[in-house]
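A short worksheet on the structure shown next.
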2 protein chains.
Amino acid sequence: MTEGTHFDQVTIIGAGLIGSSVARAVRRGNLAGRLVLADASADVCAEAERLGLADACLTNVADAVRGAGLVILAVPVGAMASVGAAIAPALEAGAIVSDVGSVKESVLKALQSLLPAHAHLIPGHPVAGTEHSGPAAGFASLFDGRWCILTPPEGADEAAVARLTDFWTALGSKVEIMTAQHHDLVLAITSHVPHLIAYNIVGTASDLEAVTRSEVIKYSAGGFRDFTRIAASDPTMWRDVFLNNKDAVLEMLGRFSEDLTALQRAIRWGDGDQLFDLFTRTRDIRRRIIDAGQDDAQADFGRPHKP
Amino acid sequence: MTEGTHFDQVTIIGAGLIGSSVARAVRRGNLAGRLVLADASADVCAEAERLGLADACLTNVADAVRGAGLVILAVPVGAMASVGAAIAPALEAGAIVSDVGSVKESVLKALQSLLPAHAHLIPGHPVAGTEHSGPAAGFASLFDGRWCILTPPEGADEAAVARLTDFWTALGSKVEIMTAQHHDLVLAITSHVPHLIAYNIVGTASDLEAVTRSEVIKYSAGGFRDFTRIAASDPTMWRDVFLNNKDAVLEMLGRFSEDLTALQRAIRWGDGDQLFDLFTRTRDIRRRIIDAGQDDAQADFGRPHKP
């Protein structure tokens, strides 16, 4: 294993949107002597090989991690424990084990007890994605300019944390370090609850009697359409997110519902000032997101996208 | 006034995003001998003139409608009545008066009693927009491929409805006719409630103590960012929408909240199957919106847009 951002071997387990994007970005940055993908699905592996994403794609995860200085688990959060158990006996001494899961405390707990002491567990979460799934959906620039959060446990090896930080920086990300618990609270409001309410309103809309589903689809340009994009995200991944970040999601959902009840009351009683005040305040957050480079100001609402 | 889609004079009152887009599309389609804009704000009028959007931009709405065969009100729903009262004495015999408001029953009721019997009132709503406001934000292709809903009152002049249908078709829209009441129910779920919950979650996120506002902004790429786009829409316009479509919004909001409570319970009790079933069902709606041409399949989540 050489020093810096280059590893003799990087193994990525899970060849979906995120795993295949990591593979592409590793290739783009020339960050691995050998790049190995693994996926439980033989079909997905075959597609990954057809796309030329790695030097090999294996269905046996233990075989895949042999020789790897860095192993990244890119599987749904609910599959982390079984993958951890399967790779544990085959991990090299000094190997860094990380992941890309959207929940961090449950992943940390699940893997900490399973992995051998000679491996360095440093959970991670690149805050990036699209609504598409599978190896063909990934792209090398997915992480450019996006934040990647690392949540090393107490007492984690500092050199390993530094190497993983350099690795994600080389993938294009900006890296931030925080506790797993704080990560789960932050992502509950910036990602998990937004996905839940998007899924929810699409469900509500499709169950109406007075408005047909075809009307919902025809007139979706009024705002609903943008929710369906989010609600088209991978079902398995998101089921696992909600089951594994229950406390933080329920806490944020409680606040959301309280606030919504207050708005509902303002509408019922015709309190236009309260509505106007909120609608003005939210514009400022939008401006700050654009200033921070996390979106562009180009109008959306169904306008064409660059490929 | 000549027949078909061409009018000797078209007057658009309100030179914001939608009004200025109608003006640009009228120019693009060569649909008016003379194109007059009006706006209560002298600054907005000056900007519209600087942009060359019309033959004239007047601050006096009565003067603006003189000579017009078609008058389109593109002002917030709450301003329709005062504009209607101001233009009523100056309307030509046989003039078609329409609007672009997002709520139709309240607009119909407000204008019906104000306008003279010799004018044809046919409310309308092009289901299109962006999160930006003002005369500079409009563009001629905004209505291309989008639906425009007309809600003629009972007994409306059929020839006038046909002419307005032809006009919107010439602007690039597909036209549908329904009652004002049904329109308000459909838009409550496809537009009004989505905007309300987007505004609401952006408000909830900005009020947290345990998560800083700067964290919310940094990690917004996880889904929240797309809500801020919607929540950056014009505050006055949206306040008026909620105040004027109260019953339908409260009805749809009640259903949304019931469904969200059921999801919340599924998370609390760890019912993964219920979550997975919903998350799978919502993907199908997304596919049908893309099939219907109301969005493209290109991944979003902050990827660059075409200008």
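We name chains A, B, ... following the order of the structure tokens; residues begin at 1 in each chain, and ligands are numbered from 1 as shown.
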
**Report entry** Nearby residues (only C-alpha atoms) at most 7 Å from stretch 179-182 of chain B, same-chain spacing under 6 positions excluded, as a count of residues only
**Finding:** 3

Would you superpose chain B on chain A, least squares on all C-alpha atoms in order, and hand back the fitted chain as a compact mmCIF listing (two decimals) with C-alpha atoms, in the first residue's frame?
```
# COMPACT_ATOMS: atom_id res chain seq x y z
CA MET B 1 0.05 0.01 -0.13
CA THR B 2 1.53 3.38 -1.07
CA GLU B 3 0.90 6.54 0.92
CA GLY B 4 -1.39 9.53 0.23
CA THR B 5 -4.60 9.20 -1.73
CA HIS B 6 -3.44 6.23 -3.77
CA PHE B 7 -4.21 2.69 -2.62
CA ASP B 8 -2.76 -0.51 -4.09
CA GLN B 9 -6.31 -1.86 -4.03
CA VAL B 10 -9.68 -0.26 -3.41
CA THR B 11 -12.72 -2.53 -3.05
CA ILE B 12 -16.24 -1.16 -3.34
CA ILE B 13 -19.07 -3.41 -2.23
CA GLY B 14 -22.34 -2.59 -3.96
CA ALA B 15 -22.34 -1.45 -7.60
CA GLY B 16 -25.44 0.78 -7.52
CA LEU B 17 -25.70 4.52 -8.13
CA ILE B 18 -23.26 5.50 -5.37
CA GLY B 19 -20.88 2.53 -5.52
CA SER B 20 -20.52 2.78 -9.27
CA SER B 21 -19.99 6.55 -9.00
CA VAL B 22 -17.22 6.01 -6.46
CA ALA B 23 -15.65 3.48 -8.85
CA ARG B 24 -15.81 5.95 -11.74
CA ALA B 25 -14.36 8.76 -9.61
CA VAL B 26 -11.55 6.45 -8.38
CA ARG B 27 -10.70 5.72 -12.02
CA ARG B 28 -10.93 9.40 -12.96
CA GLY B 29 -8.51 10.32 -10.14
CA ASN B 30 -6.27 7.28 -10.68
CA LEU B 31 -6.56 6.53 -6.97
CA ALA B 32 -6.16 2.75 -7.01
CA GLY B 33 -3.62 0.31 -8.43
CA ARG B 34 -6.40 -2.26 -8.60
CA LEU B 35 -10.11 -1.47 -8.38
CA VAL B 36 -12.45 -4.27 -7.32
CA LEU B 37 -16.23 -4.11 -7.22
CA ALA B 38 -18.48 -6.62 -5.51
CA ASP B 39 -22.22 -7.07 -5.67
CA ALA B 40 -24.48 -9.82 -4.36
CA SER B 41 -26.36 -9.75 -7.65
CA ALA B 42 -24.67 -11.60 -10.52
CA ASP B 43 -26.70 -9.50 -12.97
CA VAL B 44 -25.46 -6.25 -11.45
CA CYS B 45 -21.87 -7.58 -11.52
CA ALA B 46 -22.25 -8.52 -15.16
CA GLU B 47 -23.56 -5.03 -15.96
CA ALA B 48 -20.69 -3.41 -14.02
CA GLU B 49 -18.19 -5.51 -15.98
CA ARG B 50 -19.89 -4.67 -19.26
CA LEU B 51 -19.60 -0.97 -18.33
CA GLY B 52 -15.91 -1.50 -17.53
CA LEU B 53 -16.30 0.07 -14.09
CA ALA B 54 -13.54 -1.90 -12.34
CA ASP B 55 -10.79 -4.46 -12.87
CA ALA B 56 -13.17 -7.13 -11.58
CA CYS B 57 -16.66 -7.47 -10.14
CA LEU B 58 -17.14 -10.38 -7.75
CA THR B 59 -20.24 -11.78 -6.11
CA ASN B 60 -18.19 -13.10 -3.19
CA VAL B 61 -17.52 -10.14 -0.91
CA ALA B 62 -14.84 -11.88 1.16
CA ASP B 63 -12.80 -12.61 -1.96
CA ALA B 64 -13.31 -9.01 -3.06
CA VAL B 65 -11.77 -7.43 0.05
CA ARG B 66 -8.61 -9.58 0.05
CA GLY B 67 -5.65 -7.31 -0.67
CA ALA B 68 -7.66 -4.10 -0.26
CA GLY B 69 -6.21 -1.18 1.71
CA LEU B 70 -9.58 0.58 1.48
CA VAL B 71 -13.00 -1.09 1.50
CA ILE B 72 -16.13 1.00 0.91
CA LEU B 73 -19.54 -0.48 1.64
CA ALA B 74 -22.10 0.98 -0.74
CA VAL B 75 -25.08 -1.19 0.16
CA PRO B 76 -28.42 -0.27 1.79
CA VAL B 77 -28.02 0.53 5.49
CA GLY B 78 -29.99 -2.59 6.41
CA ALA B 79 -27.44 -4.80 4.62
CA MET B 80 -24.34 -3.37 6.34
CA ALA B 81 -24.26 -5.93 9.17
CA SER B 82 -24.44 -9.00 6.93
CA VAL B 83 -21.80 -7.59 4.59
CA GLY B 84 -19.63 -6.68 7.59
CA ALA B 85 -19.88 -10.24 8.94
CA ALA B 86 -19.00 -11.70 5.55
CA ILE B 87 -15.91 -9.56 4.95
CA ALA B 88 -14.55 -9.54 8.52
CA PRO B 89 -12.41 -12.73 8.25
CA ALA B 90 -10.86 -11.60 4.95
CA LEU B 91 -9.87 -8.03 5.84
CA GLU B 92 -6.16 -7.14 5.61
CA ALA B 93 -4.33 -5.79 8.64
CA GLY B 94 -4.52 -1.98 8.56
CA ALA B 95 -7.35 -1.92 6.01
CA ILE B 96 -9.66 1.11 6.22
CA VAL B 97 -13.33 0.12 6.15
CA SER B 98 -15.79 2.87 5.33
CA ASP B 99 -19.27 3.14 3.85
CA VAL B 100 -21.61 5.58 2.10
CA GLY B 101 -24.79 4.95 4.11
CA SER B 102 -27.22 7.78 4.82
CA VAL B 103 -27.46 6.79 8.50
CA LYS B 104 -24.30 6.60 10.60
CA GLU B 105 -24.97 5.60 14.23
CA SER B 106 -26.64 2.28 13.39
CA VAL B 107 -23.94 1.46 10.82
CA LEU B 108 -21.19 2.28 13.29
CA LYS B 109 -22.80 0.10 15.97
CA ALA B 110 -23.44 -2.77 13.57
CA LEU B 111 -19.92 -2.85 12.13
CA GLN B 112 -17.93 -2.03 15.28
CA SER B 113 -18.69 -5.39 16.88
CA LEU B 114 -18.12 -7.36 13.68
CA LEU B 115 -14.84 -6.10 12.26
CA PRO B 116 -11.44 -7.31 13.49
CA ALA B 117 -9.33 -4.97 15.63
CA HIS B 118 -6.67 -4.81 12.90
CA ALA B 119 -9.06 -2.92 10.55
CA HIS B 120 -9.88 0.80 10.85
CA LEU B 121 -13.61 1.47 10.80
CA ILE B 122 -14.42 5.04 9.71
CA PRO B 123 -18.04 5.41 8.56
CA GLY B 124 -18.75 8.03 5.92
CA HIS B 125 -21.59 9.61 3.96
CA PRO B 126 -21.19 11.53 0.70
CA VAL B 127 -24.20 13.89 0.60
CA ALA B 128 -24.90 13.46 -3.08
CA GLY B 129 -27.17 11.38 -5.28
CA THR B 130 -29.86 11.35 -7.89
CA GLU B 131 -33.26 9.70 -8.12
CA HIS B 132 -31.87 6.94 -10.37
CA SER B 133 -30.53 3.54 -9.29
CA GLY B 134 -28.11 0.92 -10.56
CA PRO B 135 -24.59 0.74 -12.06
CA ALA B 136 -25.55 2.58 -15.26
CA ALA B 137 -26.91 5.57 -13.29
CA GLY B 138 -23.58 6.52 -11.69
CA PHE B 139 -21.15 9.16 -12.95
CA ALA B 140 -17.66 10.29 -11.96
CA SER B 141 -18.56 13.90 -11.13
CA LEU B 142 -21.35 13.03 -8.67
CA PHE B 143 -19.27 14.09 -5.65
CA ASP B 144 -17.68 17.22 -7.12
CA GLY B 145 -18.31 20.16 -4.80
CA ARG B 146 -20.56 18.09 -2.50
CA TRP B 147 -19.89 17.44 1.16
CA CYS B 148 -18.74 14.08 2.45
CA ILE B 149 -19.25 13.58 6.18
CA LEU B 150 -16.95 11.20 8.06
CA THR B 151 -17.98 9.96 11.50
CA PRO B 152 -14.93 8.25 13.06
CA PRO B 153 -15.65 6.57 16.40
CA GLU B 154 -13.84 7.77 19.51
CA GLY B 155 -10.21 6.67 19.43
CA ALA B 156 -10.14 6.13 15.66
CA ASP B 157 -6.68 5.99 14.08
CA GLU B 158 -5.82 9.55 13.06
CA ALA B 159 -3.68 8.54 10.12
CA ALA B 160 -6.52 6.42 8.74
CA VAL B 161 -8.98 9.33 9.13
CA ALA B 162 -6.50 11.61 7.33
CA ARG B 163 -6.10 9.13 4.47
CA LEU B 164 -9.84 8.70 4.04
CA THR B 165 -10.23 12.50 4.11
CA ASP B 166 -7.63 12.80 1.36
CA PHE B 167 -9.36 10.06 -0.62
CA TRP B 168 -12.75 11.80 -0.61
CA THR B 169 -11.10 15.11 -1.38
CA ALA B 170 -9.52 13.46 -4.40
CA LEU B 171 -12.99 12.22 -5.43
CA GLY B 172 -14.05 15.89 -5.61
CA SER B 173 -15.73 16.25 -2.21
CA LYS B 174 -15.35 18.68 0.63
CA VAL B 175 -14.93 16.67 3.84
CA GLU B 176 -16.42 17.39 7.27
CA ILE B 177 -15.98 15.35 10.43
CA MET B 178 -18.68 15.00 13.11
CA THR B 179 -20.13 12.39 15.45
CA ALA B 180 -22.43 9.73 14.04
CA GLN B 181 -25.20 10.95 16.32
CA HIS B 182 -24.98 14.54 15.12
CA HIS B 183 -24.82 13.38 11.50
CA ASP B 184 -28.07 11.51 11.93
CA LEU B 185 -29.81 14.57 13.35
CA VAL B 186 -28.56 16.88 10.57
CA LEU B 187 -29.49 14.45 7.80
CA ALA B 188 -32.90 13.79 9.34
CA ILE B 189 -33.88 17.37 8.48
CA THR B 190 -31.82 17.96 5.31
CA SER B 191 -32.60 14.63 3.68
CA HIS B 192 -34.68 12.01 5.49
CA VAL B 193 -37.79 14.02 6.36
CA PRO B 194 -37.82 15.78 2.93
CA HIS B 195 -37.82 12.36 1.28
CA LEU B 196 -40.55 11.09 3.59
CA ILE B 197 -42.89 13.99 2.90
CA ALA B 198 -42.21 13.75 -0.84
CA TYR B 199 -43.10 10.06 -0.78
CA ASN B 200 -46.11 10.89 1.36
CA ILE B 201 -47.64 13.56 -0.85
CA VAL B 202 -47.19 11.46 -3.97
CA GLY B 203 -49.05 8.69 -2.14
CA THR B 204 -51.81 11.07 -1.00
CA ALA B 205 -52.24 12.39 -4.54
CA SER B 206 -52.53 8.94 -6.04
CA ASP B 207 -55.28 7.93 -3.59
CA LEU B 208 -57.79 10.70 -4.30
CA GLU B 209 -61.30 10.01 -5.56
CA ALA B 210 -62.32 13.55 -6.63
CA VAL B 211 -59.14 14.14 -8.64
CA THR B 212 -58.08 11.46 -11.11
CA ARG B 213 -54.53 10.15 -11.32
CA SER B 214 -54.39 11.36 -14.90
CA GLU B 215 -55.22 14.90 -13.74
CA VAL B 216 -52.50 14.72 -11.12
CA ILE B 217 -50.02 13.79 -13.84
CA LYS B 218 -51.22 16.37 -16.38
CA TYR B 219 -51.08 19.31 -14.00
CA SER B 220 -47.98 18.25 -12.08
CA ALA B 221 -45.98 21.21 -13.43
CA GLY B 222 -47.47 23.35 -10.66
CA GLY B 223 -45.04 22.00 -8.07
CA PHE B 224 -46.01 18.36 -7.48
CA ARG B 225 -43.66 17.17 -10.23
CA ASP B 226 -40.58 18.14 -8.23
CA PHE B 227 -41.74 15.97 -5.35
CA THR B 228 -42.15 12.98 -7.64
CA ARG B 229 -38.49 13.24 -8.61
CA ILE B 230 -37.48 12.83 -4.97
CA ALA B 231 -40.14 10.16 -4.43
CA ALA B 232 -38.62 8.10 -7.26
CA SER B 233 -35.52 7.33 -5.18
CA ASP B 234 -34.56 3.75 -4.35
CA PRO B 235 -37.22 2.10 -2.13
CA THR B 236 -34.91 -0.37 -0.35
CA MET B 237 -32.35 2.27 0.49
CA TRP B 238 -35.00 4.61 1.89
CA ARG B 239 -36.89 1.97 3.85
CA ASP B 240 -33.61 1.17 5.61
CA VAL B 241 -32.89 4.85 6.27
CA PHE B 242 -36.19 5.33 8.11
CA LEU B 243 -35.91 2.08 10.06
CA ASN B 244 -32.35 2.94 11.13
CA ASN B 245 -32.70 6.64 11.96
CA LYS B 246 -36.00 6.33 13.75
CA ASP B 247 -35.43 8.65 16.70
CA ALA B 248 -34.06 11.62 14.76
CA VAL B 249 -36.64 11.25 11.98
CA LEU B 250 -39.52 11.08 14.47
CA GLU B 251 -38.17 14.12 16.30
CA MET B 252 -37.87 16.21 13.12
CA LEU B 253 -41.19 14.93 11.82
CA GLY B 254 -42.84 16.03 15.06
CA ARG B 255 -41.54 19.56 14.58
CA PHE B 256 -42.56 19.58 10.92
CA SER B 257 -46.10 18.51 11.85
CA GLU B 258 -46.40 21.13 14.60
CA ASP B 259 -45.33 23.85 12.18
CA LEU B 260 -47.70 22.55 9.51
CA THR B 261 -50.58 22.60 11.98
CA ALA B 262 -49.79 26.25 12.73
CA LEU B 263 -49.83 27.04 8.99
CA GLN B 264 -53.07 25.13 8.58
CA ARG B 265 -54.59 27.24 11.35
CA ALA B 266 -53.31 30.45 9.71
CA ILE B 267 -55.04 29.43 6.47
CA ARG B 268 -58.27 28.53 8.26
CA TRP B 269 -58.35 31.87 10.07
CA GLY B 270 -57.15 33.90 7.10
CA ASP B 271 -53.92 35.11 8.75
CA GLY B 272 -52.16 36.37 5.61
CA ASP B 273 -49.36 38.09 7.53
CA GLN B 274 -48.18 34.83 9.11
CA LEU B 275 -48.10 33.15 5.71
CA PHE B 276 -46.33 36.07 4.06
CA ASP B 277 -43.70 36.24 6.82
CA LEU B 278 -42.79 32.57 6.45
CA PHE B 279 -42.80 32.69 2.64
CA THR B 280 -40.39 35.64 2.74
CA ARG B 281 -38.08 34.02 5.29
CA THR B 282 -37.71 30.84 3.22
CA ARG B 283 -36.45 32.80 0.18
CA ASP B 284 -33.38 33.78 2.17
CA ILE B 285 -32.43 30.13 2.84
CA ARG B 286 -32.65 29.45 -0.89
CA ARG B 287 -30.34 32.38 -1.66
CA ARG B 288 -27.81 31.09 0.86
CA ILE B 289 -27.84 27.59 -0.67
CA ILE B 290 -27.06 29.10 -4.07
CA ASP B 291 -24.35 31.31 -2.55
CA ALA B 292 -22.84 28.19 -0.93
CA GLY B 293 -22.57 26.50 -4.35
CA GLN B 294 -25.00 23.71 -3.43
CA ASP B 295 -27.38 24.63 -6.29
CA ASP B 296 -27.50 27.06 -9.18
CA ALA B 297 -29.91 29.95 -9.65
CA GLN B 298 -31.09 28.74 -13.05
CA ALA B 299 -34.87 28.35 -12.92
CA ASP B 300 -36.05 24.76 -12.79
CA PHE B 301 -39.65 23.56 -12.77
CA GLY B 302 -39.19 21.17 -15.66
CA ARG B 303 -36.77 23.13 -17.79
CA PRO B 304 -34.34 20.93 -19.68
CA HIS B 305 -31.20 19.74 -17.92
CA LYS B 306 -27.69 19.45 -19.23
CA PRO B 307 -26.74 15.81 -19.77
```

From a DSSP calculation on the backbone, collect every residue of stretch 116-157 of chain A in strand (DSSP E or B) and output the set as a compact mmCIF listing (two decimals) with N, CA and C atoms, in the first residue's frame.
```
# COMPACT_ATOMS: atom_id res chain seq x y z
N HIS A 120 -9.46 -0.56 10.36
CA HIS A 120 -9.87 0.76 10.84
C HIS A 120 -11.26 1.09 10.32
N LEU A 121 -12.24 1.13 11.21
CA LEU A 121 -13.61 1.46 10.80
C LEU A 121 -13.84 2.96 10.88
N GLY A 124 -18.69 6.79 6.69
CA GLY A 124 -18.74 8.03 5.91
C GLY A 124 -20.07 8.16 5.17
N HIS A 125 -20.35 9.38 4.71
CA HIS A 125 -21.59 9.63 3.96
C HIS A 125 -21.39 10.78 2.98
N PRO A 126 -21.21 10.46 1.71
CA PRO A 126 -21.18 11.53 0.71
C PRO A 126 -22.61 12.04 0.49
N TRP A 147 -20.47 17.78 -0.12
CA TRP A 147 -19.86 17.45 1.16
C TRP A 147 -19.86 15.96 1.39
N CYS A 148 -18.75 15.46 1.96
CA CYS A 148 -18.72 14.08 2.44
C CYS A 148 -18.46 14.16 3.94
N ILE A 149 -19.35 13.54 4.73
CA ILE A 149 -19.24 13.59 6.19
C ILE A 149 -18.62 12.29 6.68
N LEU A 150 -17.52 12.38 7.43
CA LEU A 150 -16.92 11.19 8.06
C LEU A 150 -17.26 11.22 9.54
```

Q.
If you run DSSP on the backbone here, which positions in stretch 142-199 of chain B get helix (DSSP H, G or I)? Please write them as a PyMOL selection string.
A. chain B and resi 158-170+180-199
